[in-house]
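Okay, start-v3.pdb is below, PDB, C-alpha atoms:
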ATOM      1  CA  MET A   2      79.945  97.289  53.464
ATOM      2  CA  GLN A   3      81.134 100.093  55.659
ATOM      3  CA  SER A   4      84.766  99.141  55.215
ATOM      4  CA  LYS A   5      84.470  99.367  51.392
ATOM      5  CA  GLY A   6      82.993 102.857  51.679
ATOM      6  CA  PHE A   7      85.755 103.853  54.059
ATOM      7  CA  ALA A   8      88.381 102.431  51.698
ATOM      8  CA  LYS A   9      86.887 104.362  48.771
ATOM      9  CA  GLU A  10      86.888 107.587  50.780
ATOM     10  CA  SER A  11      90.425 106.860  51.938
ATOM     11  CA  ASN A  12      91.579 106.389  48.315
ATOM     12  CA  LYS A  13      90.013 109.719  47.328
ATOM     13  CA  MET A  14      91.804 111.448  50.164
ATOM     14  CA  GLU A  15      95.125 109.838  49.159
ATOM     15  CA  LEU A  16      94.872 111.631  45.812
ATOM     16  CA  PHE A  17      95.060 115.037  47.500
ATOM     17  CA  LYS A  18      96.942 114.155  50.661
ATOM     18  CA  ASN A  19     100.684 113.636  51.123
ATOM     19  CA  LYS A  20     101.549 114.527  47.537
ATOM     20  CA  LYS A  21     105.256 114.587  46.917
ATOM     21  CA  GLY A  22     106.390 117.048  44.291
ATOM     22  CA  ASN A  23     103.317 119.232  44.337
ATOM     23  CA  LEU A  24     105.158 121.860  42.308
ATOM     24  CA  ALA A  25     102.104 123.976  41.533
ATOM     25  CA  ILE A  26     101.456 124.816  45.174
ATOM     26  CA  GLU A  27     105.156 125.486  45.719
ATOM     27  CA  THR A  28     105.152 127.875  42.761
ATOM     28  CA  ILE A  29     102.154 129.768  44.151
ATOM     29  CA  MET A  30     103.823 129.989  47.562
ATOM     30  CA  ILE A  31     107.028 131.374  46.020
ATOM     31  CA  MET A  32     105.077 133.984  44.090
ATOM     32  CA  LEU A  33     102.995 135.122  47.046
ATOM     33  CA  ALA A  34     105.949 135.187  49.431
ATOM     34  CA  LEU A  35     107.967 137.333  47.042
ATOM     35  CA  PHE A  36     105.041 139.696  46.439
ATOM     36  CA  ILE A  37     104.471 140.174  50.171
ATOM     37  CA  PHE A  38     108.193 140.718  50.718
ATOM     38  CA  ALA A  39     108.310 143.308  47.908
ATOM     39  CA  LEU A  40     105.290 145.080  49.362
ATOM     40  CA  CYS A  41     106.879 145.215  52.819
ATOM     41  CA  SER A  42     110.126 146.535  51.326
ATOM     42  CA  ILE A  43     108.460 149.360  49.438
ATOM     43  CA  LEU A  44     106.321 150.307  52.430
ATOM     44  CA  SER A  45     109.333 150.375  54.761
ATOM     45  CA  ILE A  46     111.284 152.640  52.414
ATOM     46  CA  THR A  47     108.266 154.898  51.998
ATOM     47  CA  ALA A  48     107.789 155.109  55.762
ATOM     48  CA  TRP A  49     111.476 155.935  56.199
ATOM     49  CA  ASN A  50     111.318 158.662  53.540
ATOM     50  CA  VAL A  51     108.289 160.261  55.209
ATOM     51  CA  PHE A  52     109.938 160.069  58.633
ATOM     52  CA  ASP A  53     113.242 161.476  57.374
ATOM     53  CA  ASP A  54     111.500 164.304  55.507
ATOM     54  CA  SER A  55     109.514 165.277  58.600
ATOM     55  CA  ILE A  56     112.687 165.345  60.733
ATOM     56  CA  GLN A  57     114.627 167.314  58.136
ATOM     57  CA  ASN A  58     111.807 169.882  57.832
ATOM     58  CA  MET A  59     111.822 170.675  61.568
ATOM     59  CA  ASP A  60     113.521 173.844  62.620
ATOM     60  CA  ASN A  61     116.993 173.670  64.182
ATOM     61  CA  GLU A  62     115.695 174.758  67.602
ATOM     62  CA  THR A  63     113.531 171.652  67.914
ATOM     63  CA  VAL A  64     116.034 169.194  66.456
ATOM     64  CA  SER A  65     119.669 170.201  66.058
ATOM     65  CA  GLN A  66     121.348 169.885  62.679
ATOM     66  CA  ASP A  67     123.777 167.325  64.102
ATOM     67  CA  VAL A  68     120.879 165.036  65.084
ATOM     68  CA  LYS A  69     119.263 165.562  61.667
ATOM     69  CA  ASP A  70     122.487 164.501  59.978
ATOM     70  CA  GLN A  71     122.738 161.411  62.191
ATOM     71  CA  ILE A  72     119.146 160.433  61.396
ATOM     72  CA  SER A  73     119.663 161.016  57.681
ATOM     73  CA  GLY A  74     122.803 158.862  57.812
ATOM     74  CA  LEU A  75     120.747 155.915  59.051
ATOM     75  CA  GLY A  76     118.805 155.748  55.778
ATOM     76  CA  TYR A  77     121.081 153.059  54.356
ATOM     77  CA  LEU A  78     119.688 150.619  56.932
ATOM     78  CA  VAL A  79     116.317 150.691  55.191
ATOM     79  CA  LEU A  80     117.738 149.885  51.771
ATOM     80  CA  TRP A  81     118.218 146.240  52.754
ATOM     81  CA  GLY A  82     114.940 145.336  51.044
ATOM     82  CA  ASP A  83     116.285 144.904  47.523
ATOM     83  CA  LYS A  84     119.330 142.902  48.599
ATOM     84  CA  LEU A  85     117.236 140.628  50.787
ATOM     85  CA  PHE A  86     114.704 140.229  47.979
ATOM     86  CA  VAL A  87     117.449 138.921  45.690
ATOM     87  CA  ILE A  88     118.746 136.544  48.374
ATOM     88  CA  PHE A  89     115.196 135.413  49.218
ATOM     89  CA  PHE A  90     114.435 134.799  45.534
ATOM     90  CA  VAL A  91     117.637 132.816  44.957
ATOM     91  CA  ILE A  92     117.067 130.653  48.056
ATOM     92  CA  LEU A  93     113.465 129.896  47.081
ATOM     93  CA  LEU A  94     114.480 129.148  43.493
ATOM     94  CA  ILE A  95     117.258 126.780  44.569
ATOM     95  CA  SER A  96     114.954 124.966  47.001
ATOM     96  CA  TYR A  97     112.302 124.649  44.274
ATOM     97  CA  ILE A  98     114.837 123.188  41.836
ATOM     98  CA  ILE A  99     116.208 120.786  44.457
ATOM     99  CA  ALA A 100     112.658 119.646  45.228
ATOM    100  CA  SER A 101     112.045 119.136  41.509
ATOM    101  CA  VAL A 102     115.138 116.978  41.144
ATOM    102  CA  THR A 103     115.084 114.934  44.339
ATOM    103  CA  LEU A 104     111.439 114.068  44.930
ATOM    104  CA  PRO A 105     110.129 110.768  43.611
ATOM    105  CA  ILE A 106     108.222 111.134  40.354
ATOM    106  CA  GLU A 107     104.463 111.008  40.434
ATOM    107  CA  LYS A 108     102.374 109.648  37.597
ATOM    108  CA  PRO A 109     102.911 111.485  34.296
ATOM    109  CA  ILE A 110      99.199 112.332  34.124
ATOM    110  CA  TYR A 111      99.879 114.945  36.774
ATOM    111  CA  LEU A 112     101.867 116.919  34.185
ATOM    112  CA  ILE A 113      98.623 117.894  32.467
ATOM    113  CA  ILE A 114      97.131 118.985  35.784
ATOM    114  CA  PHE A 115     100.320 120.893  36.577
ATOM    115  CA  LEU A 116     100.219 122.728  33.230
ATOM    116  CA  VAL A 117      96.596 123.769  33.814
ATOM    117  CA  ILE A 118      97.554 125.020  37.266
ATOM    118  CA  LEU A 119     100.565 126.811  35.749
ATOM    119  CA  VAL A 120      98.207 128.769  33.500
ATOM    120  CA  PHE A 121      96.241 129.710  36.617
ATOM    121  CA  ILE A 122      99.491 130.708  38.363
ATOM    122  CA  THR A 123     100.416 132.908  35.403
ATOM    123  CA  ILE A 124      97.026 134.630  35.556
ATOM    124  CA  VAL A 125      97.460 135.253  39.295
ATOM    125  CA  ALA A 126     100.967 136.564  38.572
ATOM    126  CA  MET A 127      99.480 138.976  36.020
ATOM    127  CA  ILE A 128      97.071 140.248  38.634
ATOM    128  CA  LEU A 129      99.894 140.720  41.156
ATOM    129  CA  SER A 130     102.083 142.410  38.542
ATOM    130  CA  ASN A 131      99.282 144.799  37.606
ATOM    131  CA  SER A 132      98.689 145.467  41.310
ATOM    132  CA  TRP A 133     102.377 146.296  41.666
ATOM    133  CA  ALA A 134     102.249 148.663  38.666
ATOM    134  CA  TYR A 135      99.178 150.377  40.116
ATOM    135  CA  LEU A 136     100.793 150.556  43.549
ATOM    136  CA  ILE A 137     103.988 152.238  42.403
ATOM    137  CA  GLU A 138     102.027 154.896  40.503
ATOM    138  CA  ASN A 139     101.244 156.400  43.906
ATOM    139  CA  PRO A 140     103.339 159.584  44.259
ATOM    140  CA  ASN A 141     104.502 158.542  47.728
ATOM    141  CA  LEU A 142     105.787 155.182  46.452
ATOM    142  CA  ILE A 143     107.523 156.291  43.238
ATOM    143  CA  ALA A 144     110.747 157.263  45.026
ATOM    144  CA  ALA A 145     110.780 154.003  46.986
ATOM    145  CA  ALA A 146     110.273 151.946  43.814
ATOM    146  CA  GLY A 147     113.263 153.721  42.266
ATOM    147  CA  GLU A 148     115.453 152.490  45.100
ATOM    148  CA  LEU A 149     114.313 148.869  44.657
ATOM    149  CA  LYS A 150     115.694 148.158  41.173
ATOM    150  CA  PHE A 151     115.662 144.339  41.194
ATOM    151  CA  THR A 152     112.393 144.118  43.097
ATOM    152  CA  ASP A 153     110.696 146.501  40.679
ATOM    153  CA  PHE A 154     112.049 144.567  37.670
ATOM    154  CA  PHE A 155     110.977 141.226  39.158
ATOM    155  CA  MET A 156     107.492 142.411  40.038
ATOM    156  CA  THR A 157     107.030 144.035  36.625
ATOM    157  CA  TYR A 158     107.874 140.786  34.825
ATOM    158  CA  LEU A 159     106.380 138.433  37.436
ATOM    159  CA  PRO A 160     104.104 136.487  35.031
ATOM    160  CA  ILE A 161     106.962 135.685  32.649
ATOM    161  CA  ILE A 162     109.359 134.772  35.462
ATOM    162  CA  MET A 163     106.853 132.513  37.233
ATOM    163  CA  PHE A 164     105.894 130.779  33.975
ATOM    164  CA  ILE A 165     109.551 130.071  33.161
ATOM    165  CA  ILE A 166     110.248 128.842  36.705
ATOM    166  CA  GLY A 167     107.190 126.576  36.531
ATOM    167  CA  ILE A 168     108.222 125.116  33.177
ATOM    168  CA  ILE A 169     111.803 124.513  34.375
ATOM    169  CA  GLY A 170     110.503 122.765  37.501
ATOM    170  CA  ALA A 171     108.108 120.647  35.461
ATOM    171  CA  LEU A 172     110.841 119.682  33.005
ATOM    172  CA  LEU A 173     113.188 118.709  35.809
ATOM    173  CA  PHE A 174     110.474 116.800  37.636
ATOM    174  CA  TYR A 175     108.563 115.027  34.870
ATOM    175  CA  THR A 176     111.315 114.310  32.308
ATOM    176  CA  ARG A 177     113.571 112.176  34.449
ATOM    177  CA  LYS A 178     113.148 108.457  35.034
ATOM    178  CA  GLU A 179     110.975 107.336  37.893
ATOM    179  CA  THR A 180     113.200 106.921  40.912
ATOM    180  CA  SER A 181     112.795 105.925  44.468
ATOM    181  CA  PHE A 182     114.959 107.671  46.999
ATOM    182  CA  SER A 183     115.350 106.089  50.385
ATOM    183  CA  ILE A 184     116.853 107.463  53.549
ATOM    184  CA  GLY A 185     119.512 104.773  53.812
ATOM    185  CA  GLY A 186     120.396 104.651  50.142
ATOM    186  CA  ASP A 187     120.775 101.547  48.006
ATOM    187  CA  THR A 188     122.355  98.845  50.140
ATOM    188  CA  ARG A 189     121.822  95.849  47.853
ATOM    189  CA  GLY A 190     124.910  93.660  47.712
ATOM    190  CA  PHE A 191     126.174  94.700  51.160
ATOM    191  CA  GLU A 192     124.752  91.793  53.162
TER     192      GLU A 192
END
Final structure tokens representation of the file:
Amino acid sequence: MQSKGFAKESNKMELFKNKKGNLAIETIMIMLALFIFALCSILSITAWNVFDDSIQNMDNETVSQDVKDQISGLGYLVLWGDKLFVIFFVILLISYIIASVTLPIEKPIYLIIFLVILVFITIVAMILSNSWAYLIENPNLIAAAGELKFTDFFMTYLPIIMFIIGIIGALLFYTRKETSFSIGGDTRGFE
């Protein structure tokens, strides 16, 4: 009797454990990682602008003009945020698409669950996009947002972008034939 109960519990756990192709969770992770990266980028540029302004506003007796010019010339090092955001986005998108194409197909019923979760993801993306819009209204962050063109565009249209990425992943994942990939490949006929 105990073994049947354990087997039932084990089957329930199998439903949520070791899922291959759990695209909904991957989509949420992409969205949150990109939002956190965008937030760090805008905060680093804002911190640099405040630091540079405070140095430039000091009198020349405290900090010489030559040192001020050297410090101001280092500002380009902080503008890496937008370029890295693009690279980070492309890498995550490519890995998501590869996962959609190469993972074995789960049961088609999971498509309905995925679409429900995609609606939830889009709602979360709307919240993050509105948070971004509210964040960049801050007078201290407006200048930094102007320097992050792609990041600002991406975060403004985050719900649309995430919905499209989710649909593309679902189409790639659920519309192909059920396959079984093995580590060694298909070796039938090579005995």
Next on the checklist: What would the selection look like, as a PyMOL selection string, if the PyMOL selection byres ((chain A and resi 42) around 10) were run on the coordinates I just shared?
Outcome noted: chain A and resi 36-41+43-48+79-83+85-86+145-146+149+152
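When CA of Val125 in chain A is paired with CA of Ile92 in chain A, their separation reads 22.0 Å.
When the PyMOL selection byres ((chain A and resi 162-166) around 9) is run on the displayed coordinates, the residues it returns are Thr28, Ile29, Ile31, Met32, Leu94, Tyr97, Ile98, Leu119, Val120, Ile122, Thr123, Ala126, Phe155, Tyr158, Leu159, Pro160, Ile161, Gly167, Ile168, Ile169, Gly170 and Ala171 of chain A.
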Next on the checklist: as a list of chain:residue names, please: the residues near Ala134 in chain A (cut-off 8 Å, all atoms listed in the file, same-chain neighbours under 4 positions excluded).
Outcome noted: A:Ser130, A:Glu138, A:Thr157
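Taking CA of Gly76 in chain A and CA of Trp133 in chain A as the two end points, the separation is 23.6 Å.
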Around all the atoms of range 48-51 of chain A listed in the file, draw an axis-aligned box and extend it by 3 Å on each of the six sides; I want its centre and edge lengths in Å to one decimal, as JSON.
{"center_x": 109.6, "center_y": 157.7, "center_z": 54.9, "size_x": 9.7, "size_y": 11.2, "size_z": 8.7}
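Of the residues under consideration (A:Lys108, A:Ile26, A:Asn50, A:Pro140), A:Asn50 shows the shortest atom-to-atom contact distance to Tyr77 in chain A when counting all atoms listed in the file.
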